[in-house]
file protein-v2.cif (mmCIF, C-alpha atoms (C1' of nucleotides); chains and numbers go by the auth columns)
data_run
loop_
_atom_site.group_PDB
_atom_site.id
_atom_site.type_symbol
_atom_site.label_atom_id
_atom_site.label_comp_id
_atom_site.label_asym_id
_atom_site.label_seq_id
_atom_site.Cartn_x
_atom_site.Cartn_y
_atom_site.Cartn_z
_atom_site.B_iso_or_equiv
_atom_site.auth_seq_id
_atom_site.auth_asym_id
ATOM 1 C CA MET A 1 -22.143 182.730 44.814 0.00 1 A
ATOM 2 C CA LYS A 2 -25.361 184.605 45.060 0.00 2 A
ATOM 3 C CA LEU A 3 -27.255 185.101 41.844 0.00 3 A
ATOM 4 C CA MET A 4 -27.665 188.815 42.453 0.00 4 A
ATOM 5 C CA GLU A 5 -23.890 189.063 42.721 0.00 5 A
ATOM 6 C CA LEU A 6 -23.560 187.360 39.347 0.00 6 A
ATOM 7 C CA TYR A 7 -26.208 189.699 37.958 0.00 7 A
ATOM 8 C CA ARG A 8 -24.382 192.815 39.157 0.00 8 A
ATOM 9 C CA ARG A 9 -21.092 191.542 37.812 0.00 9 A
ATOM 10 C CA LEU A 10 -22.569 190.886 34.377 0.00 10 A
ATOM 11 C CA LEU A 11 -24.303 194.253 34.404 0.00 11 A
ATOM 12 C CA ARG A 12 -21.017 196.016 35.154 0.00 12 A
ATOM 13 C CA HIS A 13 -19.229 194.117 32.408 0.00 13 A
ATOM 14 C CA PHE A 14 -21.779 194.251 29.590 0.00 14 A
ATOM 15 C CA GLY A 15 -23.948 197.216 30.543 0.00 15 A
ATOM 16 C CA ARG A 16 -27.706 197.398 30.195 0.00 16 A
ATOM 17 C CA GLN A 17 -29.154 195.412 27.283 0.00 17 A
ATOM 18 C CA ASN A 18 -32.634 196.962 27.277 0.00 18 A
ATOM 19 C CA TRP A 19 -34.402 193.911 25.908 0.00 19 A
ATOM 20 C CA TRP A 20 -36.813 193.332 24.209 0.00 20 A
ATOM 21 C CA PRO A 21 -36.119 195.253 20.970 0.00 21 A
ATOM 22 C CA ALA A 22 -39.694 195.728 19.724 0.00 22 A
ATOM 23 C CA ARG A 23 -42.074 198.642 19.383 0.00 23 A
ATOM 24 C CA THR A 24 -45.269 196.776 20.201 0.00 24 A
ATOM 25 C CA ARG A 25 -46.218 193.817 22.358 0.00 25 A
ATOM 26 C CA PHE A 26 -47.341 191.840 19.331 0.00 26 A
ATOM 27 C CA GLU A 27 -44.061 192.529 17.556 0.00 27 A
ATOM 28 C CA MET A 28 -42.312 191.156 20.633 0.00 28 A
ATOM 29 C CA MET A 29 -44.326 187.935 20.428 0.00 29 A
ATOM 30 C CA VAL A 30 -43.606 187.588 16.720 0.00 30 A
ATOM 31 C CA GLY A 31 -39.905 188.097 17.392 0.00 31 A
ATOM 32 C CA ALA A 32 -39.964 185.473 20.128 0.00 32 A
ATOM 33 C CA ILE A 33 -41.122 182.833 17.654 0.00 33 A
ATOM 34 C CA LEU A 34 -38.840 183.970 14.852 0.00 34 A
ATOM 35 C CA THR A 35 -35.715 183.881 17.034 0.00 35 A
ATOM 36 C CA GLN A 36 -36.250 180.282 18.128 0.00 36 A
ATOM 37 C CA ARG A 37 -32.949 178.492 17.525 0.00 37 A
ATOM 38 C CA THR A 38 -31.893 181.456 15.395 0.00 38 A
ATOM 39 C CA LYS A 39 -29.650 184.484 15.688 0.00 39 A
ATOM 40 C CA TRP A 40 -31.569 187.618 16.487 0.00 40 A
ATOM 41 C CA GLU A 41 -30.025 189.388 13.489 0.00 41 A
ATOM 42 C CA ASN A 42 -31.705 186.919 11.134 0.00 42 A
ATOM 43 C CA ALA A 43 -34.976 186.914 13.038 0.00 43 A
ATOM 44 C CA GLU A 44 -34.975 190.702 12.816 0.00 44 A
ATOM 45 C CA ARG A 45 -34.856 190.620 9.024 0.00 45 A
ATOM 46 C CA ALA A 46 -37.997 188.546 9.023 0.00 46 A
ATOM 47 C CA VAL A 47 -39.632 190.952 11.497 0.00 47 A
ATOM 48 C CA LYS A 48 -38.816 193.854 9.177 0.00 48 A
ATOM 49 C CA ASN A 49 -40.264 192.009 6.195 0.00 49 A
ATOM 50 C CA LEU A 50 -43.483 191.490 8.129 0.00 50 A
ATOM 51 C CA GLU A 51 -43.494 195.128 9.165 0.00 51 A
ATOM 52 C CA LYS A 52 -43.091 196.333 5.573 0.00 52 A
ATOM 53 C CA ALA A 53 -45.971 194.082 4.589 0.00 53 A
ATOM 54 C CA GLY A 54 -48.115 195.585 7.343 0.00 54 A
ATOM 55 C CA LEU A 55 -48.432 192.254 9.109 0.00 55 A
ATOM 56 C CA LEU A 56 -47.324 193.116 12.636 0.00 56 A
ATOM 57 C CA ASP A 57 -50.950 192.928 13.660 0.00 57 A
ATOM 58 C CA PRO A 58 -52.714 189.742 14.767 0.00 58 A
ATOM 59 C CA VAL A 59 -55.817 190.183 12.604 0.00 59 A
ATOM 60 C CA ALA A 60 -53.866 191.106 9.471 0.00 60 A
ATOM 61 C CA LEU A 61 -51.392 188.309 10.088 0.00 61 A
ATOM 62 C CA ALA A 62 -54.125 185.753 10.721 0.00 62 A
ATOM 63 C CA ARG A 63 -55.648 186.531 7.307 0.00 63 A
ATOM 64 C CA THR A 64 -52.388 186.081 5.408 0.00 64 A
ATOM 65 C CA PRO A 65 -51.865 183.009 3.202 0.00 65 A
ATOM 66 C CA ILE A 66 -49.155 180.771 4.623 0.00 66 A
ATOM 67 C CA GLU A 67 -47.240 180.781 1.330 0.00 67 A
ATOM 68 C CA LYS A 68 -46.828 184.545 1.592 0.00 68 A
ATOM 69 C CA LEU A 69 -45.693 184.278 5.194 0.00 69 A
ATOM 70 C CA GLU A 70 -43.155 181.612 4.306 0.00 70 A
ATOM 71 C CA LYS A 71 -41.475 183.976 1.865 0.00 71 A
ATOM 72 C CA LEU A 72 -41.393 186.847 4.334 0.00 72 A
ATOM 73 C CA VAL A 73 -39.942 184.881 7.254 0.00 73 A
ATOM 74 C CA ARG A 74 -37.418 182.979 5.177 0.00 74 A
ATOM 75 C CA PRO A 75 -34.354 184.829 6.544 0.00 75 A
ATOM 76 C CA ALA A 76 -35.118 183.491 10.020 0.00 76 A
ATOM 77 C CA GLY A 77 -34.660 179.867 8.961 0.00 77 A
ATOM 78 C CA PHE A 78 -37.129 177.004 9.606 0.00 78 A
ATOM 79 C CA TYR A 79 -39.400 179.192 7.519 0.00 79 A
ATOM 80 C CA LYS A 80 -42.211 176.730 6.930 0.00 80 A
ATOM 81 C CA LEU A 81 -42.404 175.885 10.614 0.00 81 A
ATOM 82 C CA LYS A 82 -42.221 179.486 11.734 0.00 82 A
ATOM 83 C CA ALA A 83 -44.866 180.620 9.260 0.00 83 A
ATOM 84 C CA ARG A 84 -47.184 177.989 10.738 0.00 84 A
ATOM 85 C CA ARG A 85 -46.333 179.016 14.272 0.00 85 A
ATOM 86 C CA LEU A 86 -46.928 182.699 13.590 0.00 86 A
ATOM 87 C CA LEU A 87 -50.289 181.891 12.067 0.00 87 A
ATOM 88 C CA SER A 88 -51.337 179.799 15.061 0.00 88 A
ATOM 89 C CA LEU A 89 -50.411 182.632 17.451 0.00 89 A
ATOM 90 C CA ALA A 90 -52.110 185.314 15.358 0.00 90 A
ATOM 91 C CA LYS A 91 -55.253 183.241 14.848 0.00 91 A
ATOM 92 C CA HIS A 92 -55.518 182.579 18.562 0.00 92 A
ATOM 93 C CA ILE A 93 -55.472 186.291 19.399 0.00 93 A
ATOM 94 C CA ALA A 94 -57.664 187.191 16.431 0.00 94 A
ATOM 95 C CA ASP A 95 -60.253 184.492 17.112 0.00 95 A
ATOM 96 C CA GLU A 96 -60.342 184.485 20.915 0.00 96 A
ATOM 97 C CA TYR A 97 -59.710 188.175 21.600 0.00 97 A
ATOM 98 C CA GLN A 98 -60.819 189.884 18.393 0.00 98 A
ATOM 99 C CA GLY A 99 -57.185 190.858 17.875 0.00 99 A
ATOM 100 C CA ASP A 100 -56.982 192.688 21.208 0.00 100 A
ATOM 101 C CA VAL A 101 -53.412 191.947 22.288 0.00 101 A
ATOM 102 C CA ASP A 102 -53.743 193.875 25.544 0.00 102 A
ATOM 103 C CA ALA A 103 -56.816 191.887 26.550 0.00 103 A
ATOM 104 C CA PHE A 104 -54.946 188.658 25.860 0.00 104 A
ATOM 105 C CA LEU A 105 -51.887 189.667 27.858 0.00 105 A
ATOM 106 C CA SER A 106 -53.990 190.992 30.742 0.00 106 A
ATOM 107 C CA ARG A 107 -55.207 187.555 31.732 0.00 107 A
ATOM 108 C CA PRO A 108 -54.128 186.145 35.112 0.00 108 A
ATOM 109 C CA PRO A 109 -50.469 185.093 34.714 0.00 109 A
ATOM 110 C CA GLU A 110 -50.802 181.347 35.302 0.00 110 A
ATOM 111 C CA GLU A 111 -53.821 181.157 33.019 0.00 111 A
ATOM 112 C CA LEU A 112 -52.016 183.176 30.381 0.00 112 A
ATOM 113 C CA ARG A 113 -49.022 180.862 30.640 0.00 113 A
ATOM 114 C CA ASN A 114 -51.156 177.767 30.141 0.00 114 A
ATOM 115 C CA GLU A 115 -52.935 179.434 27.267 0.00 115 A
ATOM 116 C CA LEU A 116 -49.647 180.361 25.605 0.00 116 A
ATOM 117 C CA LEU A 117 -48.387 176.795 26.025 0.00 117 A
ATOM 118 C CA SER A 118 -51.516 175.502 24.327 0.00 118 A
ATOM 119 C CA ILE A 119 -50.680 177.472 21.162 0.00 119 A
ATOM 120 C CA TYR A 120 -48.812 175.503 18.507 0.00 120 A
ATOM 121 C CA GLY A 121 -45.193 176.617 18.372 0.00 121 A
ATOM 122 C CA VAL A 122 -45.093 178.223 21.808 0.00 122 A
ATOM 123 C CA GLY A 123 -43.043 176.157 24.245 0.00 123 A
ATOM 124 C CA LYS A 124 -41.898 177.004 27.756 0.00 124 A
ATOM 125 C CA GLU A 125 -39.089 179.367 26.894 0.00 125 A
ATOM 126 C CA THR A 126 -41.124 181.288 24.334 0.00 126 A
ATOM 127 C CA ALA A 127 -44.103 181.461 26.707 0.00 127 A
ATOM 128 C CA ASP A 128 -41.980 182.753 29.559 0.00 128 A
ATOM 129 C CA SER A 129 -40.263 185.270 27.272 0.00 129 A
ATOM 130 C CA ILE A 130 -43.653 186.609 26.241 0.00 130 A
ATOM 131 C CA LEU A 131 -44.827 186.677 29.850 0.00 131 A
ATOM 132 C CA LEU A 132 -41.752 188.634 30.910 0.00 132 A
ATOM 133 C CA TYR A 133 -41.127 190.993 27.995 0.00 133 A
ATOM 134 C CA ALA A 134 -44.621 191.515 26.570 0.00 134 A
ATOM 135 C CA ALA A 135 -46.870 190.988 29.599 0.00 135 A
ATOM 136 C CA ASP A 136 -44.498 192.308 32.291 0.00 136 A
ATOM 137 C CA LYS A 137 -44.961 189.257 34.476 0.00 137 A
ATOM 138 C CA LEU A 138 -42.261 187.829 36.734 0.00 138 A
ATOM 139 C CA TYR A 139 -41.386 184.655 34.832 0.00 139 A
ATOM 140 C CA PHE A 140 -37.750 183.865 34.071 0.00 140 A
ATOM 141 C CA PRO A 141 -37.190 182.293 30.636 0.00 141 A
ATOM 142 C CA VAL A 142 -34.531 179.586 30.751 0.00 142 A
ATOM 143 C CA ASP A 143 -32.501 178.980 27.619 0.00 143 A
ATOM 144 C CA ALA A 144 -29.658 176.641 26.700 0.00 144 A
ATOM 145 C CA TYR A 145 -27.048 179.253 27.646 0.00 145 A
ATOM 146 C CA THR A 146 -28.472 179.759 31.122 0.00 146 A
ATOM 147 C CA LYS A 147 -28.579 176.035 31.766 0.00 147 A
ATOM 148 C CA GLN A 148 -24.985 175.596 30.668 0.00 148 A
ATOM 149 C CA ILE A 149 -23.649 178.621 32.531 0.00 149 A
ATOM 150 C CA PHE A 150 -25.229 177.598 35.816 0.00 150 A
ATOM 151 C CA HIS A 151 -24.013 174.051 35.430 0.00 151 A
ATOM 152 C CA ARG A 152 -20.482 175.205 34.725 0.00 152 A
ATOM 153 C CA MET A 153 -20.602 177.385 37.775 0.00 153 A
ATOM 154 C CA GLY A 154 -21.524 174.326 39.804 0.00 154 A
ATOM 155 C CA LEU A 155 -24.838 175.851 40.822 0.00 155 A
ATOM 156 C CA THR A 156 -27.146 173.274 39.288 0.00 156 A
ATOM 157 C CA PRO A 157 -26.952 169.687 38.000 0.00 157 A
ATOM 158 C CA LYS A 158 -26.405 169.178 34.290 0.00 158 A
ATOM 159 C CA ASN A 159 -29.708 167.443 33.637 0.00 159 A
ATOM 160 C CA ILE A 160 -31.882 169.851 35.610 0.00 160 A
ATOM 161 C CA SER A 161 -35.341 170.276 34.117 0.00 161 A
ATOM 162 C CA TYR A 162 -36.659 173.524 32.701 0.00 162 A
ATOM 163 C CA GLU A 163 -39.113 174.105 35.540 0.00 163 A
ATOM 164 C CA GLN A 164 -36.558 173.217 38.196 0.00 164 A
ATOM 165 C CA LEU A 165 -34.062 175.719 36.844 0.00 165 A
ATOM 166 C CA ARG A 166 -36.678 178.423 36.420 0.00 166 A
ATOM 167 C CA SER A 167 -37.781 177.892 40.004 0.00 167 A
ATOM 168 C CA PHE A 168 -34.184 177.969 41.265 0.00 168 A
ATOM 169 C CA ILE A 169 -33.512 181.291 39.557 0.00 169 A
ATOM 170 C CA GLU A 170 -36.792 182.883 40.574 0.00 170 A
ATOM 171 C CA LYS A 171 -36.178 181.959 44.204 0.00 171 A
ATOM 172 C CA ASN A 172 -32.718 183.482 44.196 0.00 172 A
ATOM 173 C CA ILE A 173 -33.107 186.853 42.487 0.00 173 A
ATOM 174 C CA ASP A 174 -35.013 189.995 43.416 0.00 174 A
ATOM 175 C CA ARG A 175 -38.639 189.980 42.361 0.00 175 A
ATOM 176 C CA ASN A 176 -38.192 192.972 40.110 0.00 176 A
ATOM 177 C CA LEU A 177 -39.096 193.245 36.439 0.00 177 A
ATOM 178 C CA ALA A 178 -35.991 195.201 35.452 0.00 178 A
ATOM 179 C CA VAL A 179 -33.776 192.607 37.147 0.00 179 A
ATOM 180 C CA TYR A 180 -35.551 189.714 35.418 0.00 180 A
ATOM 181 C CA LYS A 181 -35.363 191.377 32.006 0.00 181 A
ATOM 182 C CA GLU A 182 -31.745 192.439 32.257 0.00 182 A
ATOM 183 C CA PHE A 183 -30.461 189.261 33.890 0.00 183 A
ATOM 184 C CA ARG A 184 -31.987 187.070 31.221 0.00 184 A
ATOM 185 C CA ALA A 185 -30.534 189.268 28.461 0.00 185 A
ATOM 186 C CA LEU A 186 -27.123 189.345 30.145 0.00 186 A
ATOM 187 C CA LEU A 187 -27.003 185.554 30.429 0.00 187 A
ATOM 188 C CA VAL A 188 -27.691 185.232 26.711 0.00 188 A
ATOM 189 C CA VAL A 189 -25.024 187.803 25.875 0.00 189 A
ATOM 190 C CA LEU A 190 -22.549 186.051 28.152 0.00 190 A
ATOM 191 C CA GLY A 191 -23.287 182.700 26.555 0.00 191 A
ATOM 192 C CA LYS A 192 -23.064 184.059 23.028 0.00 192 A
ATOM 193 C CA THR A 193 -19.845 185.914 23.694 0.00 193 A
ATOM 194 C CA TYR A 194 -17.808 183.454 25.685 0.00 194 A
ATOM 195 C CA CYS A 195 -19.138 180.007 26.439 0.00 195 A
ATOM 196 C CA ARG A 196 -19.051 178.452 23.012 0.00 196 A
ATOM 197 C CA LYS A 197 -15.546 179.602 22.251 0.00 197 A
ATOM 198 C CA ASN A 198 -12.836 178.042 24.375 0.00 198 A
ATOM 199 C CA PRO A 199 -10.124 180.635 23.709 0.00 199 A
ATOM 200 C CA LEU A 200 -12.315 183.375 25.118 0.00 200 A
ATOM 201 C CA CYS A 201 -13.120 181.374 28.205 0.00 201 A
ATOM 202 C CA GLN A 202 -10.219 182.959 30.110 0.00 202 A
ATOM 203 C CA LYS A 203 -11.541 186.420 29.396 0.00 203 A
ATOM 204 C CA CYS A 204 -15.004 185.547 30.574 0.00 204 A
ATOM 205 C CA PRO A 205 -16.083 188.005 33.265 0.00 205 A
ATOM 206 C CA ILE A 206 -17.125 185.143 35.509 0.00 206 A
ATOM 207 C CA SER A 207 -14.294 182.725 34.764 0.00 207 A
ATOM 208 C CA SER A 208 -13.174 182.915 38.385 0.00 208 A
ATOM 209 C CA LEU A 209 -16.608 181.696 39.385 0.00 209 A
ATOM 210 C CA CYS A 210 -16.633 178.871 36.894 0.00 210 A
ATOM 211 C CA ARG A 211 -15.790 175.482 38.383 0.00 211 A
ATOM 212 C CA ARG A 212 -15.719 173.675 35.076 0.00 212 A
ATOM 213 C CA GLY A 213 -13.727 174.671 32.051 0.00 213 A
ATOM 214 C CA GLY A 214 -12.215 178.031 32.844 0.00 214 A
ATOM 215 C CA GLY A 215 -8.900 176.608 31.730 0.00 215 A
ATOM 216 C CA GLY A 216 -8.245 173.367 29.911 0.00 216 A
ATOM 217 C CA GLY A 217 -11.777 172.063 30.002 0.00 217 A
ATOM 218 C CA LYS A 218 -13.809 171.899 26.888 0.00 218 A
ATOM 219 C CA ALA A 219 -16.551 174.430 26.415 0.00 219 A
ATOM 220 C CA GLU A 220 -19.725 172.440 26.405 0.00 220 A
ATOM 221 C CA MET A 221 -22.447 174.589 24.996 0.00 221 A
ATOM 222 C CA PRO A 222 -25.127 172.131 23.960 0.00 222 A
ATOM 223 C CA THR A 223 -26.170 172.194 20.337 0.00 223 A
ATOM 224 C CA LYS A 224 -29.684 171.363 21.393 0.00 224 A
ATOM 225 C CA GLY A 225 -32.001 172.710 24.002 0.00 225 A
ATOM 226 C "C1'" DG B 1 -16.992 173.094 2.540 0.00 1 B
ATOM 227 C "C1'" DT B 2 -18.193 172.985 7.855 0.00 2 B
ATOM 228 C "C1'" DC B 3 -20.347 174.637 11.933 0.00 3 B
ATOM 229 C "C1'" DC B 4 -24.053 176.617 14.371 0.00 4 B
ATOM 230 C "C1'" DA B 5 -27.569 180.204 16.060 0.00 5 B
ATOM 231 C "C1'" DG B 6 -31.830 183.683 22.186 0.00 6 B
ATOM 232 C "C1'" DG B 7 -36.682 175.911 20.559 0.00 7 B
ATOM 233 C "C1'" DG B 8 -40.428 173.099 19.891 0.00 8 B
ATOM 234 C "C1'" DC B 9 -42.884 169.136 17.925 0.00 9 B
ATOM 235 C "C1'" DC B 10 -43.250 164.371 17.214 0.00 10 B
ATOM 236 C "C1'" DT B 11 -42.164 159.727 18.008 0.00 11 B
ATOM 237 C "C1'" DA B 12 -40.424 155.832 20.419 0.00 12 B
ATOM 238 C "C1'" DC B 13 -39.046 153.809 24.596 0.00 13 B
ATOM 239 C "C1'" DG C 1 -40.652 162.066 31.293 0.00 1 C
ATOM 240 C "C1'" DT C 2 -37.045 162.000 28.187 0.00 2 C
ATOM 241 C "C1'" DA C 3 -33.643 161.041 24.320 0.00 3 C
ATOM 242 C "C1'" DG C 4 -33.227 161.558 19.394 0.00 4 C
ATOM 243 C "C1'" DG C 5 -34.536 163.281 14.766 0.00 5 C
ATOM 244 C "C1'" DC C 6 -36.135 167.011 12.351 0.00 6 C
ATOM 245 C "C1'" DC C 7 -36.796 171.718 10.732 0.00 7 C
ATOM 246 C "C1'" DA C 8 -33.363 175.753 7.236 0.00 8 C
ATOM 247 C "C1'" DT C 9 -31.255 180.346 6.165 0.00 9 C
ATOM 248 C "C1'" DG C 10 -27.185 183.160 6.655 0.00 10 C
ATOM 249 C "C1'" DG C 11 -22.762 184.451 8.485 0.00 11 C
ATOM 250 C "C1'" DA C 12 -18.160 183.230 10.328 0.00 12 C
#

call {"tool": "encode", "arguments": {"input": "protein-v2.cif", "output": "structure tokens"}}
result
Amino acid sequence: MKLMELYRRLLRHFGRQNWWPARTRFEMMVGAILTQRTKWENAERAVKNLEKAGLLDPVALARTPIEKLEKLVRPAGFYKLKARRLLSLAKHIADEYQGDVDAFLSRPPEELRNELLSIYGVGKETADSILLYAADKLYFPVDAYTKQIFHRMGLTPKNISYEQLRSFIEKNIDRNLAVYKEFRALLVVLGKTYCRKNPLCQKCPISSLCRRGGGGGKAEMPTKG
DNA sequence: GTCCAGGGCCTAC
DNA sequence: GTAGGCCATGGA
């Protein structure tokens, strides 16, 4: 099973996803933090609250009292944590780049990645999502769905590390931004739609490719990353 | 009422 | 370097 074959099959089945749903690069970054371990629908409510408050701007956001942020991001869950994380991201861009998001995202990719990872609340998946969807760099974000899907397909070991899986995927798909962006979105949609629910497993568009489950086996979506 | 969603931090081994 | 606990609202 070649990964590009899987990609084309998912694309035929689900159609283009056109991620990321955001008007600006900073809004994308905000959404990436708000959707951590959270449905996008709930994260989006928080994004809209911030937008109404005029806070989808690093300098404005960085100046906002955390108590106000906590109220606005409440629908996204983990609201105290996420308010802190948004502030740390906004302050970094405001302090180090005078709020110039483009200047921040224009840094050399590996340096930008390390810088993102140094920001409180930005882990590997969030950093790689920002690199791919906001900075247009060829980094493939690996989430819990992707890990589980590839394991069930017998492509990778269950306990593979984040970096190992990212490397595996990046070595086996076309180095093309549209492919990266769509494939990642399609894997999330596939995971959300089928993997967690056993009854739907048979209808999964890749069930014939799935060595585990696919029939009587238990769906094993992890509850943790 | 129960389960869980597009992670990451902290702590203990 | 990694396993486990923790964070929390909203919808099914």

call {"tool": "resolve_selection", "arguments": {"input": "protein-v2.cif", "expression": "the PyMOL selection byres ((chain B) within 9 of (chain A))", "output": "JSON, numbers by chain"}}
result
{"B": [4, 5, 6, 7, 8, 9]}

call {"tool": "resolve_selection", "arguments": {"input": "protein-v2.cif", "expression": "the PyMOL selection byres ((chain C) within 9 of (chain A))", "output": "list of chain:residue names"}}
result
C:DC7, C:DA8, C:DT9, C:DG10

call {"tool": "resolve_selection", "arguments": {"input": "protein-v2.cif", "expression": "the PyMOL selection byres ((chain A and resi 172-180) around 12)", "output": "PyMOL selection string"}}
result
chain A and resi 1-8+10-11+16-20+128-129+131-142+155+165-171+181-187

call {"tool": "write_last_selection", "arguments": {"input": "protein-v2.cif", "atoms": "C-alpha atoms", "output": "CSV table (one decimal), keeping the file's coordinate frame"}}
result
chain,number,residue,atom,x,y,z
A,1,MET,CA,-22.1,182.7,44.8
A,2,LYS,CA,-25.4,184.6,45.1
A,3,LEU,CA,-27.3,185.1,41.8
A,4,MET,CA,-27.7,188.8,42.5
A,5,GLU,CA,-23.9,189.1,42.7
A,6,LEU,CA,-23.6,187.4,39.3
A,7,TYR,CA,-26.2,189.7,38.0
A,8,ARG,CA,-24.4,192.8,39.2
A,10,LEU,CA,-22.6,190.9,34.4
A,11,LEU,CA,-24.3,194.3,34.4
A,16,ARG,CA,-27.7,197.4,30.2
A,17,GLN,CA,-29.2,195.4,27.3
A,18,ASN,CA,-32.6,197.0,27.3
A,19,TRP,CA,-34.4,193.9,25.9
A,20,TRP,CA,-36.8,193.3,24.2
A,128,ASP,CA,-42.0,182.8,29.6
A,129,SER,CA,-40.3,185.3,27.3
A,131,LEU,CA,-44.8,186.7,29.8
A,132,LEU,CA,-41.8,188.6,30.9
A,133,TYR,CA,-41.1,191.0,28.0
A,134,ALA,CA,-44.6,191.5,26.6
A,135,ALA,CA,-46.9,191.0,29.6
A,136,ASP,CA,-44.5,192.3,32.3
A,137,LYS,CA,-45.0,189.3,34.5
A,138,LEU,CA,-42.3,187.8,36.7
A,139,TYR,CA,-41.4,184.7,34.8
A,140,PHE,CA,-37.8,183.9,34.1
A,141,PRO,CA,-37.2,182.3,30.6
A,142,VAL,CA,-34.5,179.6,30.8
A,155,LEU,CA,-24.8,175.9,40.8
A,165,LEU,CA,-34.1,175.7,36.8
A,166,ARG,CA,-36.7,178.4,36.4
A,167,SER,CA,-37.8,177.9,40.0
A,168,PHE,CA,-34.2,178.0,41.3
A,169,ILE,CA,-33.5,181.3,39.6
A,170,GLU,CA,-36.8,182.9,40.6
A,171,LYS,CA,-36.2,182.0,44.2
A,181,LYS,CA,-35.4,191.4,32.0
A,182,GLU,CA,-31.7,192.4,32.3
A,183,PHE,CA,-30.5,189.3,33.9
A,184,ARG,CA,-32.0,187.1,31.2
A,185,ALA,CA,-30.5,189.3,28.5
A,186,LEU,CA,-27.1,189.3,30.1
A,187,LEU,CA,-27.0,185.6,30.4

call {"tool": "residues_around", "arguments": {"input": "protein-v2.cif", "residues": "DC10 (chain B)", "least_positions_apart": "3", "cutoff": "12 Å", "atoms": "all atoms listed in the file", "output": "list in words"}}
result
DG4, DG5, DC6 and DC7 of chain C

call {"tool": "axis_aligned_box", "arguments": {"input": "protein-v2.cif", "around": "chain B", "padding_each_side": "3 Å", "output": "lines of an AutoDock Vina configuration file"}}
result
center_x = -30.1
center_y = 168.7
center_z = 13.6
size_x = 32.3
size_y = 35.9
size_z = 28.1

call {"tool": "atom_distance", "arguments": {"input": "protein-v2.cif", "atom1": "CA of Arg63 (chain A)", "atom2": "CA of Val101 (chain A)"}}
result
16.1 Å

call {"tool": "build_atoms", "arguments": {"input": "protein-v2.cif", "residues": "region 22-36 of chain A", "atoms": "N, CA and C atoms", "output": "short mmCIF file (atom, residue, chain, number, x, y, z; two decimals), keeping the file's coordinate frame"}}
result
data_model
loop_
_atom_site.label_atom_id
_atom_site.label_comp_id
_atom_site.auth_asym_id
_atom_site.auth_seq_id
_atom_site.Cartn_x
_atom_site.Cartn_y
_atom_site.Cartn_z
N ALA A 22 -38.45 195.74 20.52
CA ALA A 22 -39.69 195.73 19.72
C ALA A 22 -40.53 196.94 20.10
N ARG A 23 -41.26 197.45 19.13
CA ARG A 23 -42.07 198.64 19.38
C ARG A 23 -43.43 198.32 19.99
N THR A 24 -43.96 197.15 19.65
CA THR A 24 -45.27 196.78 20.20
C THR A 24 -45.19 195.40 20.85
N ARG A 25 -46.21 195.10 21.66
CA ARG A 25 -46.22 193.82 22.36
C ARG A 25 -46.39 192.67 21.35
N PHE A 26 -47.16 192.91 20.32
CA PHE A 26 -47.34 191.84 19.33
C PHE A 26 -46.05 191.61 18.54
N GLU A 27 -45.35 192.69 18.23
CA GLU A 27 -44.06 192.53 17.56
C GLU A 27 -43.11 191.71 18.42
N MET A 28 -43.16 191.94 19.72
CA MET A 28 -42.31 191.16 20.63
C MET A 28 -42.63 189.66 20.53
N MET A 29 -43.92 189.35 20.51
CA MET A 29 -44.33 187.94 20.43
C MET A 29 -43.88 187.31 19.10
N VAL A 30 -44.04 188.06 18.04
CA VAL A 30 -43.61 187.59 16.72
C VAL A 30 -42.10 187.32 16.73
N GLY A 31 -41.36 188.26 17.31
CA GLY A 31 -39.90 188.10 17.39
C GLY A 31 -39.51 186.88 18.22
N ALA A 32 -40.28 186.61 19.25
CA ALA A 32 -39.96 185.47 20.13
C ALA A 32 -40.05 184.15 19.36
N ILE A 33 -41.01 184.06 18.46
CA ILE A 33 -41.12 182.83 17.65
C ILE A 33 -40.04 182.80 16.57
N LEU A 34 -39.81 183.95 15.95
CA LEU A 34 -38.84 183.97 14.85
C LEU A 34 -37.40 183.72 15.32
N THR A 35 -37.10 184.05 16.56
CA THR A 35 -35.72 183.88 17.03
C THR A 35 -35.46 182.50 17.64
N GLN A 36 -36.47 181.64 17.61
CA GLN A 36 -36.25 180.28 18.13
C GLN A 36 -35.11 179.60 17.37
#
